[in-house]
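Asker: So that we are looking at the same thing, I have put the structure below in structure tokens.
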Amino acid sequence: MDKKVLISGAGVGGATAAYWLAHKGFDVTVVERAATERSSGNPVDVKGPAVEVVEKMGVMPRLREVASAVDRMTFVDAAGRRVAGVPLRMFQGGAGEREVEVPRADLASILLDAARDRVEFLWGDTITDLSQDAAGVDVGFAGAPPARFDAVIGADGLHSAVRRLAFGPEQQFVRHAGMYVATLPIGVPFGDDTEVIIYNTPGRAVSIHPTKGHAIATFMFRGDAVPGYDHRDLAQHKNLVAEAFPDASWRLPELLDQVHTAEDLYFDSVSRVRAPHWSTGRIGLVGDAAAAVSLFGDGSTLAIAGAYRLAEELSQSPTDIADALRRYETGHRPLVDSKQQGFRAARAMLLPGTRTGIALRNTAARLAPALAGIRRTRTA
């Protein structure tokens, strides 16, 4: 097949799309703004429809090697005492014990390794111009010479360059959801390998997630959109985290010390991405570039499932790219829409806004396993 596809973004969705498009016979190039693979990011789930995709790719054994052993979420008070918790099996996506949770960086790296031998990568570069006609898309790059492709796929996340160039300014599609999140590996074991620990103050949360002896810290806080916010300004991000957590309770001082010295701190707003259409002609979007907001790791699952469906549709009609992209959206959008609707419930559990809300959440968490058992009994 003499069809050339450019994918912007070497994350989870981009790597999956690259693998499957190359597998289907397309000539695939991936352009990634970062010079290297990212090392930070929260643990994410591969569950539901994504499980079959990674099994078909043959990478599930590698994912299990780096998978966490976490099976519960535990809430603690300022003294570190466990006050409530919920089993994570309550959030399984339908594939049961086949599902895994892995650090996002490991997931992306393993997916990239699967595609690496059949895909060309342009690291440290980005798309600067898109111009399409009936026969293809002309692409300008910041570094590489201009090139022409049969299709361009934006898998470049919340701040997608492809979406901005082909669909319109970011503010048309991205809405701040009233939260910010930062993650960084802290490089040392932290507590029990089978539990995520979460400490809350009103509108604030810090979680520690163990991953094979190297924990990942996550800072979440509620807040309005920050004037002049720059998603690439590391110094600004560190200041925002420090300002959001001024008290010295629990283990915040030692964790904030690591924030101050971090070289690879992931930080961004939690935002809703809602585009009325995921394609325009030969240009399409997948993953967070098309639709976002998930606080339970479903973003990676959706990106994997969406990228696979996109590749399937393109392989079915490689001479009619526009129609294939429309079919991909028709098939995948219902799954994405159903996941986006759970945002408020997720925020209420992870980030209660008041002390009363924290107390109510803890009570609900203590009751949840019993209530789940009752529901299972009634449906048996």
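Chain labels A, B, ... are given in the sequence in which chains occur in the structure tokens; within each chain residues are numbered consecutively from 1, and ligands are likewise numbered from 1 in the order shown.
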Please run DSSP on the backbone and report, as JSON, numbers by chain, all residues within stretch 160-281 of chain A that come out as strand (DSSP E).
Answerer: {"A": [174, 175, 176, 177, 178, 179, 180, 181, 182, 183, 184, 185, 195, 196, 197, 198, 199, 200, 201, 204, 205, 206, 207, 208, 209, 216, 217, 218, 219, 220, 221, 222, 266, 267, 268, 269, 270, 271, 272, 273, 274, 279, 280]}
Asker: Would you pick out the contacts of A:Phe149 at 12 Å or less, using only C-alpha atoms, so that residues sharing its chain but fewer than 4 positions from it are not included, and give the list as a list of chain:residue names?
Answerer: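 Answer for this query is A:Asp2, A:Lys3, A:Lys4, A:Val5, A:Leu6, A:Ile7, A:Phe26, A:Asp27, A:Val28, A:Thr29, A:Val30, A:Leu130, A:Ser131, A:Gln132, A:Asp133, A:Ala134, A:Ala135, A:Gly136, A:Val137, A:Asp138, A:Val139, A:Gly140, A:Ile153, A:Arg282, A:Ile283, A:Ile321.
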Asker: Would you write out those residues with N, CA and C atoms, as a PDB file, in the first residue's frame?
Answerer:
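Here's the written file again.pdb:
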ATOM      1  N   ASP A   2       0.708   2.074  -1.016  1.00  0.00           N
ATOM      2  CA  ASP A   2       1.528   3.273  -1.134  1.00  0.00           C
ATOM      3  C   ASP A   2       0.772   4.468  -0.572  1.00  0.00           C
ATOM      4  N   LYS A   3       0.470   4.413   0.729  1.00  0.00           N
ATOM      5  CA  LYS A   3      -0.256   5.492   1.396  1.00  0.00           C
ATOM      6  C   LYS A   3       0.555   5.975   2.584  1.00  0.00           C
ATOM      7  N   LYS A   4       0.795   7.280   2.641  1.00  0.00           N
ATOM      8  CA  LYS A   4       1.631   7.861   3.682  1.00  0.00           C
ATOM      9  C   LYS A   4       0.760   8.561   4.728  1.00  0.00           C
ATOM     10  N   VAL A   5       0.989   8.228   5.998  1.00  0.00           N
ATOM     11  CA  VAL A   5       0.239   8.832   7.099  1.00  0.00           C
ATOM     12  C   VAL A   5       1.224   9.490   8.062  1.00  0.00           C
ATOM     13  N   LEU A   6       0.916  10.708   8.450  1.00  0.00           N
ATOM     14  CA  LEU A   6       1.686  11.414   9.480  1.00  0.00           C
ATOM     15  C   LEU A   6       0.878  11.442  10.759  1.00  0.00           C
ATOM     16  N   ILE A   7       1.501  11.048  11.866  1.00  0.00           N
ATOM     17  CA  ILE A   7       0.876  11.102  13.183  1.00  0.00           C
ATOM     18  C   ILE A   7       1.631  12.125  14.021  1.00  0.00           C
ATOM     19  N   PHE A  26       0.451   0.824   5.811  1.00  0.00           N
ATOM     20  CA  PHE A  26       0.671   2.239   5.555  1.00  0.00           C
ATOM     21  C   PHE A  26       2.132   2.605   5.826  1.00  0.00           C
ATOM     22  N   ASP A  27       2.596   3.633   5.145  1.00  0.00           N
ATOM     23  CA  ASP A  27       3.918   4.215   5.379  1.00  0.00           C
ATOM     24  C   ASP A  27       3.725   5.301   6.437  1.00  0.00           C
ATOM     25  N   VAL A  28       4.223   5.072   7.655  1.00  0.00           N
ATOM     26  CA  VAL A  28       3.873   5.901   8.803  1.00  0.00           C
ATOM     27  C   VAL A  28       5.074   6.708   9.294  1.00  0.00           C
ATOM     28  N   THR A  29       4.829   7.993   9.545  1.00  0.00           N
ATOM     29  CA  THR A  29       5.801   8.868  10.196  1.00  0.00           C
ATOM     30  C   THR A  29       5.151   9.451  11.444  1.00  0.00           C
ATOM     31  N   VAL A  30       5.896   9.491  12.541  1.00  0.00           N
ATOM     32  CA  VAL A  30       5.430  10.099  13.786  1.00  0.00           C
ATOM     33  C   VAL A  30       6.313  11.293  14.102  1.00  0.00           C
ATOM     34  N   LEU A 130      -0.565  23.153   7.888  1.00  0.00           N
ATOM     35  CA  LEU A 130      -1.324  22.094   7.233  1.00  0.00           C
ATOM     36  C   LEU A 130      -2.151  22.704   6.118  1.00  0.00           C
ATOM     37  N   SER A 131      -2.061  22.102   4.944  1.00  0.00           N
ATOM     38  CA  SER A 131      -2.850  22.570   3.806  1.00  0.00           C
ATOM     39  C   SER A 131      -3.264  21.351   2.987  1.00  0.00           C
ATOM     40  N   GLN A 132      -4.566  21.091   2.917  1.00  0.00           N
ATOM     41  CA  GLN A 132      -5.018  19.889   2.233  1.00  0.00           C
ATOM     42  C   GLN A 132      -5.809  20.217   0.980  1.00  0.00           C
ATOM     43  N   ASP A 133      -5.790  19.251   0.058  1.00  0.00           N
ATOM     44  CA  ASP A 133      -6.628  19.313  -1.131  1.00  0.00           C
ATOM     45  C   ASP A 133      -7.254  17.931  -1.316  1.00  0.00           C
ATOM     46  N   ALA A 134      -7.878  17.690  -2.451  1.00  0.00           N
ATOM     47  CA  ALA A 134      -8.598  16.443  -2.659  1.00  0.00           C
ATOM     48  C   ALA A 134      -7.681  15.228  -2.683  1.00  0.00           C
ATOM     49  N   ALA A 135      -6.392  15.433  -2.939  1.00  0.00           N
ATOM     50  CA  ALA A 135      -5.483  14.302  -3.113  1.00  0.00           C
ATOM     51  C   ALA A 135      -4.522  14.082  -1.951  1.00  0.00           C
ATOM     52  N   GLY A 136      -4.395  15.042  -1.020  1.00  0.00           N
ATOM     53  CA  GLY A 136      -3.451  14.852   0.067  1.00  0.00           C
ATOM     54  C   GLY A 136      -3.317  16.068   0.952  1.00  0.00           C
ATOM     55  N   VAL A 137      -2.346  16.009   1.877  1.00  0.00           N
ATOM     56  CA  VAL A 137      -2.118  17.078   2.843  1.00  0.00           C
ATOM     57  C   VAL A 137      -0.660  17.502   2.778  1.00  0.00           C
ATOM     58  N   ASP A 138      -0.429  18.771   2.535  1.00  0.00           N
ATOM     59  CA  ASP A 138       0.923  19.328   2.583  1.00  0.00           C
ATOM     60  C   ASP A 138       1.212  19.789   4.003  1.00  0.00           C
ATOM     61  N   VAL A 139       2.360  19.379   4.542  1.00  0.00           N
ATOM     62  CA  VAL A 139       2.697  19.622   5.941  1.00  0.00           C
ATOM     63  C   VAL A 139       4.011  20.375   6.044  1.00  0.00           C
ATOM     64  N   GLY A 140       4.001  21.443   6.817  1.00  0.00           N
ATOM     65  CA  GLY A 140       5.223  22.154   7.145  1.00  0.00           C
ATOM     66  C   GLY A 140       5.660  21.816   8.558  1.00  0.00           C
ATOM     67  N   ILE A 153      -2.920  12.584  11.310  1.00  0.00           N
ATOM     68  CA  ILE A 153      -3.657  12.245  12.527  1.00  0.00           C
ATOM     69  C   ILE A 153      -3.073  13.013  13.700  1.00  0.00           C
ATOM     70  N   ARG A 282      -8.989  14.945   5.186  1.00  0.00           N
ATOM     71  CA  ARG A 282      -7.975  13.911   5.408  1.00  0.00           C
ATOM     72  C   ARG A 282      -7.251  14.061   6.747  1.00  0.00           C
ATOM     73  N   ILE A 283      -7.730  14.955   7.598  1.00  0.00           N
ATOM     74  CA  ILE A 283      -7.082  15.223   8.886  1.00  0.00           C
ATOM     75  C   ILE A 283      -8.014  14.782  10.010  1.00  0.00           C
ATOM     76  N   ILE A 321     -10.082   8.426   2.492  1.00  0.00           N
ATOM     77  CA  ILE A 321      -9.627   8.753   3.843  1.00  0.00           C
ATOM     78  C   ILE A 321     -10.719   9.471   4.625  1.00  0.00           C
TER      79      ILE A 321
END
Asker: Which residue gives the smallest distance to A:Ser338 among A:Leu350, A:Leu302, A:Ala35, A:Ala155, with only C-alpha atoms counted?
Answerer: A:Leu302
Asker: Extract, using only C-alpha atoms, all DNA, RNA and protein residues at most 7 Å from A:Val174, discarding same-chain residues fewer than 3 positions from it, and format them as a list in words.
Answerer: Glu170, Gln171, Ser271, Arg272, Val273 and Arg274 of chain A
Asker: Residues as selected, N, CA, C and O atoms, written as a PDB file, in the first residue's frame, can you do that?
Answerer:
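Once everything was written out, this is selection_30.pdb:
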ATOM      1  N   GLU A 170      -7.472  26.797  20.190  1.00  0.00           N
ATOM      2  CA  GLU A 170      -7.701  25.893  21.313  1.00  0.00           C
ATOM      3  C   GLU A 170      -8.912  26.285  22.137  1.00  0.00           C
ATOM      4  O   GLU A 170      -9.672  25.419  22.601  1.00  0.00           O
ATOM      5  N   GLN A 171      -9.137  27.574  22.337  1.00  0.00           N
ATOM      6  CA  GLN A 171     -10.235  28.010  23.198  1.00  0.00           C
ATOM      7  C   GLN A 171     -11.609  27.623  22.663  1.00  0.00           C
ATOM      8  O   GLN A 171     -12.597  27.647  23.412  1.00  0.00           O
ATOM      9  N   SER A 271      -8.983  19.536  31.855  1.00  0.00           N
ATOM     10  CA  SER A 271      -9.858  20.285  30.952  1.00  0.00           C
ATOM     11  C   SER A 271     -10.738  19.333  30.158  1.00  0.00           C
ATOM     12  O   SER A 271     -10.374  18.171  29.925  1.00  0.00           O
ATOM     13  N   ARG A 272     -11.864  19.855  29.734  1.00  0.00           N
ATOM     14  CA  ARG A 272     -12.741  19.106  28.841  1.00  0.00           C
ATOM     15  C   ARG A 272     -12.411  19.499  27.403  1.00  0.00           C
ATOM     16  O   ARG A 272     -12.345  20.682  27.086  1.00  0.00           O
ATOM     17  N   VAL A 273     -12.222  18.510  26.567  1.00  0.00           N
ATOM     18  CA  VAL A 273     -12.046  18.745  25.133  1.00  0.00           C
ATOM     19  C   VAL A 273     -13.281  18.193  24.435  1.00  0.00           C
ATOM     20  O   VAL A 273     -13.581  17.002  24.522  1.00  0.00           O
ATOM     21  N   ARG A 274     -13.981  19.078  23.766  1.00  0.00           N
ATOM     22  CA  ARG A 274     -15.177  18.663  23.035  1.00  0.00           C
ATOM     23  C   ARG A 274     -15.174  19.311  21.655  1.00  0.00           C
ATOM     24  O   ARG A 274     -15.425  20.504  21.525  1.00  0.00           O
TER      25      ARG A 274
END
Asker: Within 8 Å of A:Leu265, counting only C-alpha atoms, which residues show up once you throw out same-chain ones fewer than 3 positions away? Write them as a list in words, please.
Answerer: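 Within the cut-off, the hits are Ser40, Ala182, Thr183, Leu184, Leu234, Val259 and Ala262 of chain A.
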Asker: Any idea what's packed within 9 Å of stretch 110-114 of chain A, counting only C-alpha atoms, ignoring anything in its chain fewer than 6 positions away? Could you give it as number ranges by chain?
Answerer: A: 10-12, 14-16, 18-19, 54, 57-59, 62-63
Asker: Taking the backbone alone, and naming residues the way the document does, which bits of stretch 44-270 of chain A are helix (DSSP H, G or I) by DSSP, as a ChimeraX atom specification?
Answerer: /A:49-57,60-66,88-91,96-98,104-118,161-166,170-172,234-244,252-261
Asker: Hey, what's within 10 Å of stretch 303-314 of chain A if we count only C-alpha atoms and toss same-chain stuff fewer than 4 positions away? As a PDB file with N, CA and C atoms, in the first residue's frame, please?
Answerer:
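Ended up saving to selection.pdb:
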ATOM      1  N   GLY A  11       2.660   9.685  22.100  1.00  0.00           N
ATOM      2  CA  GLY A  11       2.116   9.159  23.340  1.00  0.00           C
ATOM      3  C   GLY A  11       1.368   7.856  23.116  1.00  0.00           C
ATOM      4  N   VAL A  12       0.443   7.550  24.005  1.00  0.00           N
ATOM      5  CA  VAL A  12      -0.260   6.269  23.971  1.00  0.00           C
ATOM      6  C   VAL A  12      -1.071   6.113  22.687  1.00  0.00           C
ATOM      7  N   GLY A  13      -1.895   7.114  22.356  1.00  0.00           N
ATOM      8  CA  GLY A  13      -2.716   7.028  21.155  1.00  0.00           C
ATOM      9  C   GLY A  13      -1.886   7.043  19.893  1.00  0.00           C
ATOM     10  N   GLY A  14      -0.878   7.916  19.838  1.00  0.00           N
ATOM     11  CA  GLY A  14      -0.042   8.006  18.658  1.00  0.00           C
ATOM     12  C   GLY A  14       0.747   6.737  18.405  1.00  0.00           C
ATOM     13  N   ALA A  15       1.296   6.142  19.467  1.00  0.00           N
ATOM     14  CA  ALA A  15       2.067   4.913  19.315  1.00  0.00           C
ATOM     15  C   ALA A  15       1.181   3.757  18.859  1.00  0.00           C
ATOM     16  N   THR A  16      -0.018   3.679  19.419  1.00  0.00           N
ATOM     17  CA  THR A  16      -0.936   2.605  19.022  1.00  0.00           C
ATOM     18  C   THR A  16      -1.356   2.762  17.567  1.00  0.00           C
ATOM     19  N   ALA A  17      -1.715   3.991  17.174  1.00  0.00           N
ATOM     20  CA  ALA A  17      -2.095   4.233  15.787  1.00  0.00           C
ATOM     21  C   ALA A  17      -0.942   3.929  14.843  1.00  0.00           C
ATOM     22  N   ALA A  18       0.277   4.306  15.229  1.00  0.00           N
ATOM     23  CA  ALA A  18       1.440   4.057  14.387  1.00  0.00           C
ATOM     24  C   ALA A  18       1.640   2.563  14.170  1.00  0.00           C
ATOM     25  N   TYR A  19       1.537   1.796  15.243  1.00  0.00           N
ATOM     26  CA  TYR A  19       1.721   0.344  15.124  1.00  0.00           C
ATOM     27  C   TYR A  19       0.707  -0.254  14.163  1.00  0.00           C
ATOM     28  N   TRP A  20      -0.571   0.061  14.376  1.00  0.00           N
ATOM     29  CA  TRP A  20      -1.609  -0.609  13.596  1.00  0.00           C
ATOM     30  C   TRP A  20      -1.655  -0.124  12.158  1.00  0.00           C
ATOM     31  N   LEU A  21      -1.383   1.138  11.927  1.00  0.00           N
ATOM     32  CA  LEU A  21      -1.349   1.625  10.545  1.00  0.00           C
ATOM     33  C   LEU A  21      -0.185   1.001   9.788  1.00  0.00           C
ATOM     34  N   ALA A  22       0.982   0.909  10.432  1.00  0.00           N
ATOM     35  CA  ALA A  22       2.110   0.243   9.795  1.00  0.00           C
ATOM     36  C   ALA A  22       1.799  -1.235   9.561  1.00  0.00           C
ATOM     37  N   HIS A  23       1.161  -1.854  10.540  1.00  0.00           N
ATOM     38  CA  HIS A  23       0.769  -3.267  10.428  1.00  0.00           C
ATOM     39  C   HIS A  23      -0.172  -3.485   9.248  1.00  0.00           C
ATOM     40  N   LYS A  24      -1.002  -2.493   8.966  1.00  0.00           N
ATOM     41  CA  LYS A  24      -1.961  -2.597   7.861  1.00  0.00           C
ATOM     42  C   LYS A  24      -1.345  -2.219   6.521  1.00  0.00           C
ATOM     43  N   PHE A  26       0.451   0.824   5.811  1.00  0.00           N
ATOM     44  CA  PHE A  26       0.671   2.239   5.555  1.00  0.00           C
ATOM     45  C   PHE A  26       2.132   2.605   5.826  1.00  0.00           C
ATOM     46  N   VAL A  46      -5.085  -0.047  31.471  1.00  0.00           N
ATOM     47  CA  VAL A  46      -5.382  -0.677  30.184  1.00  0.00           C
ATOM     48  C   VAL A  46      -6.499  -1.660  30.490  1.00  0.00           C
ATOM     49  N   LYS A  47      -7.707  -1.281  30.156  1.00  0.00           N
ATOM     50  CA  LYS A  47      -8.848  -2.090  30.536  1.00  0.00           C
ATOM     51  C   LYS A  47      -9.904  -2.071  29.440  1.00  0.00           C
ATOM     52  N   GLY A  48     -10.989  -2.810  29.678  1.00  0.00           N
ATOM     53  CA  GLY A  48     -12.092  -2.836  28.731  1.00  0.00           C
ATOM     54  C   GLY A  48     -11.620  -3.163  27.319  1.00  0.00           C
ATOM     55  N   PRO A  49     -12.015  -2.359  26.319  1.00  0.00           N
ATOM     56  CA  PRO A  49     -11.695  -2.668  24.920  1.00  0.00           C
ATOM     57  C   PRO A  49     -10.216  -2.565  24.585  1.00  0.00           C
ATOM     58  N   ALA A  50      -9.431  -1.860  25.408  1.00  0.00           N
ATOM     59  CA  ALA A  50      -7.999  -1.729  25.122  1.00  0.00           C
ATOM     60  C   ALA A  50      -7.233  -3.020  25.381  1.00  0.00           C
ATOM     61  N   VAL A  51      -7.770  -3.891  26.240  1.00  0.00           N
ATOM     62  CA  VAL A  51      -7.054  -5.120  26.581  1.00  0.00           C
ATOM     63  C   VAL A  51      -6.849  -5.988  25.350  1.00  0.00           C
ATOM     64  N   GLU A  52      -7.900  -6.182  24.579  1.00  0.00           N
ATOM     65  CA  GLU A  52      -7.787  -7.014  23.374  1.00  0.00           C
ATOM     66  C   GLU A  52      -6.805  -6.409  22.373  1.00  0.00           C
ATOM     67  N   VAL A  53      -6.766  -5.076  22.296  1.00  0.00           N
ATOM     68  CA  VAL A  53      -5.863  -4.419  21.356  1.00  0.00           C
ATOM     69  C   VAL A  53      -4.400  -4.712  21.707  1.00  0.00           C
ATOM     70  N   VAL A  54      -4.026  -4.526  22.978  1.00  0.00           N
ATOM     71  CA  VAL A  54      -2.620  -4.748  23.349  1.00  0.00           C
ATOM     72  C   VAL A  54      -2.275  -6.234  23.313  1.00  0.00           C
ATOM     73  N   LEU A 111       4.512   0.587  23.858  1.00  0.00           N
ATOM     74  CA  LEU A 111       3.775   0.694  22.599  1.00  0.00           C
ATOM     75  C   LEU A 111       4.678   1.230  21.483  1.00  0.00           C
ATOM     76  N   ALA A 151      -2.785  11.290   4.726  1.00  0.00           N
ATOM     77  CA  ALA A 151      -3.616  11.596   5.896  1.00  0.00           C
ATOM     78  C   ALA A 151      -2.729  12.105   7.014  1.00  0.00           C
ATOM     79  N   ILE A 153      -2.920  12.584  11.310  1.00  0.00           N
ATOM     80  CA  ILE A 153      -3.657  12.245  12.527  1.00  0.00           C
ATOM     81  C   ILE A 153      -3.073  13.013  13.700  1.00  0.00           C
ATOM     82  N   ALA A 155      -2.613  13.110  17.355  1.00  0.00           N
ATOM     83  CA  ALA A 155      -2.648  12.350  18.608  1.00  0.00           C
ATOM     84  C   ALA A 155      -1.801  13.100  19.626  1.00  0.00           C
ATOM     85  N   GLY A 284      -7.518  13.965  10.935  1.00  0.00           N
ATOM     86  CA  GLY A 284      -8.339  13.456  12.023  1.00  0.00           C
ATOM     87  C   GLY A 284      -7.671  13.588  13.375  1.00  0.00           C
ATOM     88  N   LEU A 285      -8.451  13.403  14.423  1.00  0.00           N
ATOM     89  CA  LEU A 285      -7.977  13.498  15.806  1.00  0.00           C
ATOM     90  C   LEU A 285      -8.265  12.194  16.541  1.00  0.00           C
ATOM     91  N   VAL A 286      -7.388  11.855  17.488  1.00  0.00           N
ATOM     92  CA  VAL A 286      -7.586  10.667  18.311  1.00  0.00           C
ATOM     93  C   VAL A 286      -7.073  10.956  19.719  1.00  0.00           C
ATOM     94  N   GLY A 287      -7.611  10.258  20.712  1.00  0.00           N
ATOM     95  CA  GLY A 287      -7.184  10.443  22.096  1.00  0.00           C
ATOM     96  C   GLY A 287      -7.629  11.782  22.649  1.00  0.00           C
ATOM     97  N   ASP A 288      -6.813  12.362  23.535  1.00  0.00           N
ATOM     98  CA  ASP A 288      -7.174  13.623  24.189  1.00  0.00           C
ATOM     99  C   ASP A 288      -7.297  14.785  23.212  1.00  0.00           C
ATOM    100  N   ALA A 289      -6.664  14.699  22.067  1.00  0.00           N
ATOM    101  CA  ALA A 289      -6.802  15.761  21.071  1.00  0.00           C
ATOM    102  C   ALA A 289      -8.244  15.862  20.587  1.00  0.00           C
ATOM    103  N   ALA A 290      -8.961  14.734  20.585  1.00  0.00           N
ATOM    104  CA  ALA A 290     -10.356  14.705  20.142  1.00  0.00           C
ATOM    105  C   ALA A 290     -11.322  14.926  21.288  1.00  0.00           C
ATOM    106  N   ALA A 291     -11.049  14.309  22.434  1.00  0.00           N
ATOM    107  CA  ALA A 291     -11.969  14.391  23.573  1.00  0.00           C
ATOM    108  C   ALA A 291     -11.224  13.992  24.838  1.00  0.00           C
ATOM    109  N   ALA A 292     -11.409  14.746  25.907  1.00  0.00           N
ATOM    110  CA  ALA A 292     -10.697  14.468  27.148  1.00  0.00           C
ATOM    111  C   ALA A 292     -11.558  14.818  28.347  1.00  0.00           C
ATOM    112  N   ASP A 298      -8.966   6.305  32.384  1.00  0.00           N
ATOM    113  CA  ASP A 298      -9.650   5.831  31.185  1.00  0.00           C
ATOM    114  C   ASP A 298      -9.146   6.506  29.918  1.00  0.00           C
ATOM    115  N   GLY A 299      -8.441   7.627  30.034  1.00  0.00           N
ATOM    116  CA  GLY A 299      -7.955   8.311  28.855  1.00  0.00           C
ATOM    117  C   GLY A 299      -7.058   7.430  28.003  1.00  0.00           C
ATOM    118  N   PRO A 318      -8.677   2.774   2.158  1.00  0.00           N
ATOM    119  CA  PRO A 318      -7.516   3.665   2.084  1.00  0.00           C
ATOM    120  C   PRO A 318      -7.614   4.698   0.967  1.00  0.00           C
ATOM    121  N   THR A 319      -8.504   4.488  -0.011  1.00  0.00           N
ATOM    122  CA  THR A 319      -8.657   5.464  -1.084  1.00  0.00           C
ATOM    123  C   THR A 319      -9.717   6.508  -0.760  1.00  0.00           C
ATOM    124  N   ASP A 320     -10.412   6.348   0.359  1.00  0.00           N
ATOM    125  CA  ASP A 320     -11.401   7.343   0.784  1.00  0.00           C
ATOM    126  C   ASP A 320     -11.136   7.671   2.251  1.00  0.00           C
ATOM    127  N   ILE A 321     -10.082   8.426   2.492  1.00  0.00           N
ATOM    128  CA  ILE A 321      -9.627   8.753   3.843  1.00  0.00           C
ATOM    129  C   ILE A 321     -10.719   9.471   4.625  1.00  0.00           C
ATOM    130  N   ALA A 322     -11.377  10.433   4.009  1.00  0.00           N
ATOM    131  CA  ALA A 322     -12.380  11.235   4.719  1.00  0.00           C
ATOM    132  C   ALA A 322     -13.514  10.359   5.232  1.00  0.00           C
ATOM    133  N   ASP A 323     -13.982   9.433   4.420  1.00  0.00           N
ATOM    134  CA  ASP A 323     -15.074   8.565   4.846  1.00  0.00           C
ATOM    135  C   ASP A 323     -14.620   7.628   5.968  1.00  0.00           C
ATOM    136  N   ALA A 324     -13.395   7.133   5.880  1.00  0.00           N
ATOM    137  CA  ALA A 324     -12.874   6.259   6.935  1.00  0.00           C
ATOM    138  C   ALA A 324     -12.799   6.985   8.266  1.00  0.00           C
ATOM    139  N   LEU A 325     -12.359   8.239   8.246  1.00  0.00           N
ATOM    140  CA  LEU A 325     -12.270   9.004   9.491  1.00  0.00           C
ATOM    141  C   LEU A 325     -13.652   9.275  10.071  1.00  0.00           C
ATOM    142  N   ARG A 326     -14.640   9.496   9.215  1.00  0.00           N
ATOM    143  CA  ARG A 326     -16.010   9.690   9.716  1.00  0.00           C
ATOM    144  C   ARG A 326     -16.538   8.409  10.349  1.00  0.00           C
ATOM    145  N   ARG A 327     -16.264   7.262   9.752  1.00  0.00           N
ATOM    146  CA  ARG A 327     -16.730   5.989  10.322  1.00  0.00           C
ATOM    147  C   ARG A 327     -16.059   5.717  11.658  1.00  0.00           C
ATOM    148  N   TYR A 328     -14.774   6.023  11.739  1.00  0.00           N
ATOM    149  CA  TYR A 328     -14.068   5.875  13.028  1.00  0.00           C
ATOM    150  C   TYR A 328     -14.756   6.684  14.117  1.00  0.00           C
ATOM    151  N   GLU A 329     -15.089   7.932  13.846  1.00  0.00           N
ATOM    152  CA  GLU A 329     -15.752   8.768  14.851  1.00  0.00           C
ATOM    153  C   GLU A 329     -17.118   8.212  15.223  1.00  0.00           C
ATOM    154  N   GLY A 331     -18.153   5.219  15.220  1.00  0.00           N
ATOM    155  CA  GLY A 331     -18.037   4.018  16.034  1.00  0.00           C
ATOM    156  C   GLY A 331     -17.463   4.255  17.412  1.00  0.00           C
ATOM    157  N   HIS A 332     -16.545   5.218  17.529  1.00  0.00           N
ATOM    158  CA  HIS A 332     -15.822   5.387  18.800  1.00  0.00           C
ATOM    159  C   HIS A 332     -16.420   6.456  19.716  1.00  0.00           C
ATOM    160  N   ARG A 333     -17.082   7.457  19.168  1.00  0.00           N
ATOM    161  CA  ARG A 333     -17.561   8.564  19.988  1.00  0.00           C
ATOM    162  C   ARG A 333     -18.510   8.126  21.110  1.00  0.00           C
ATOM    163  N   LEU A 335     -18.484   5.573  23.031  1.00  0.00           N
ATOM    164  CA  LEU A 335     -17.695   5.086  24.162  1.00  0.00           C
ATOM    165  C   LEU A 335     -17.049   6.250  24.906  1.00  0.00           C
ATOM    166  N   VAL A 336     -16.529   7.220  24.167  1.00  0.00           N
ATOM    167  CA  VAL A 336     -15.894   8.387  24.779  1.00  0.00           C
ATOM    168  C   VAL A 336     -16.911   9.214  25.548  1.00  0.00           C
TER     169      VAL A 336
END
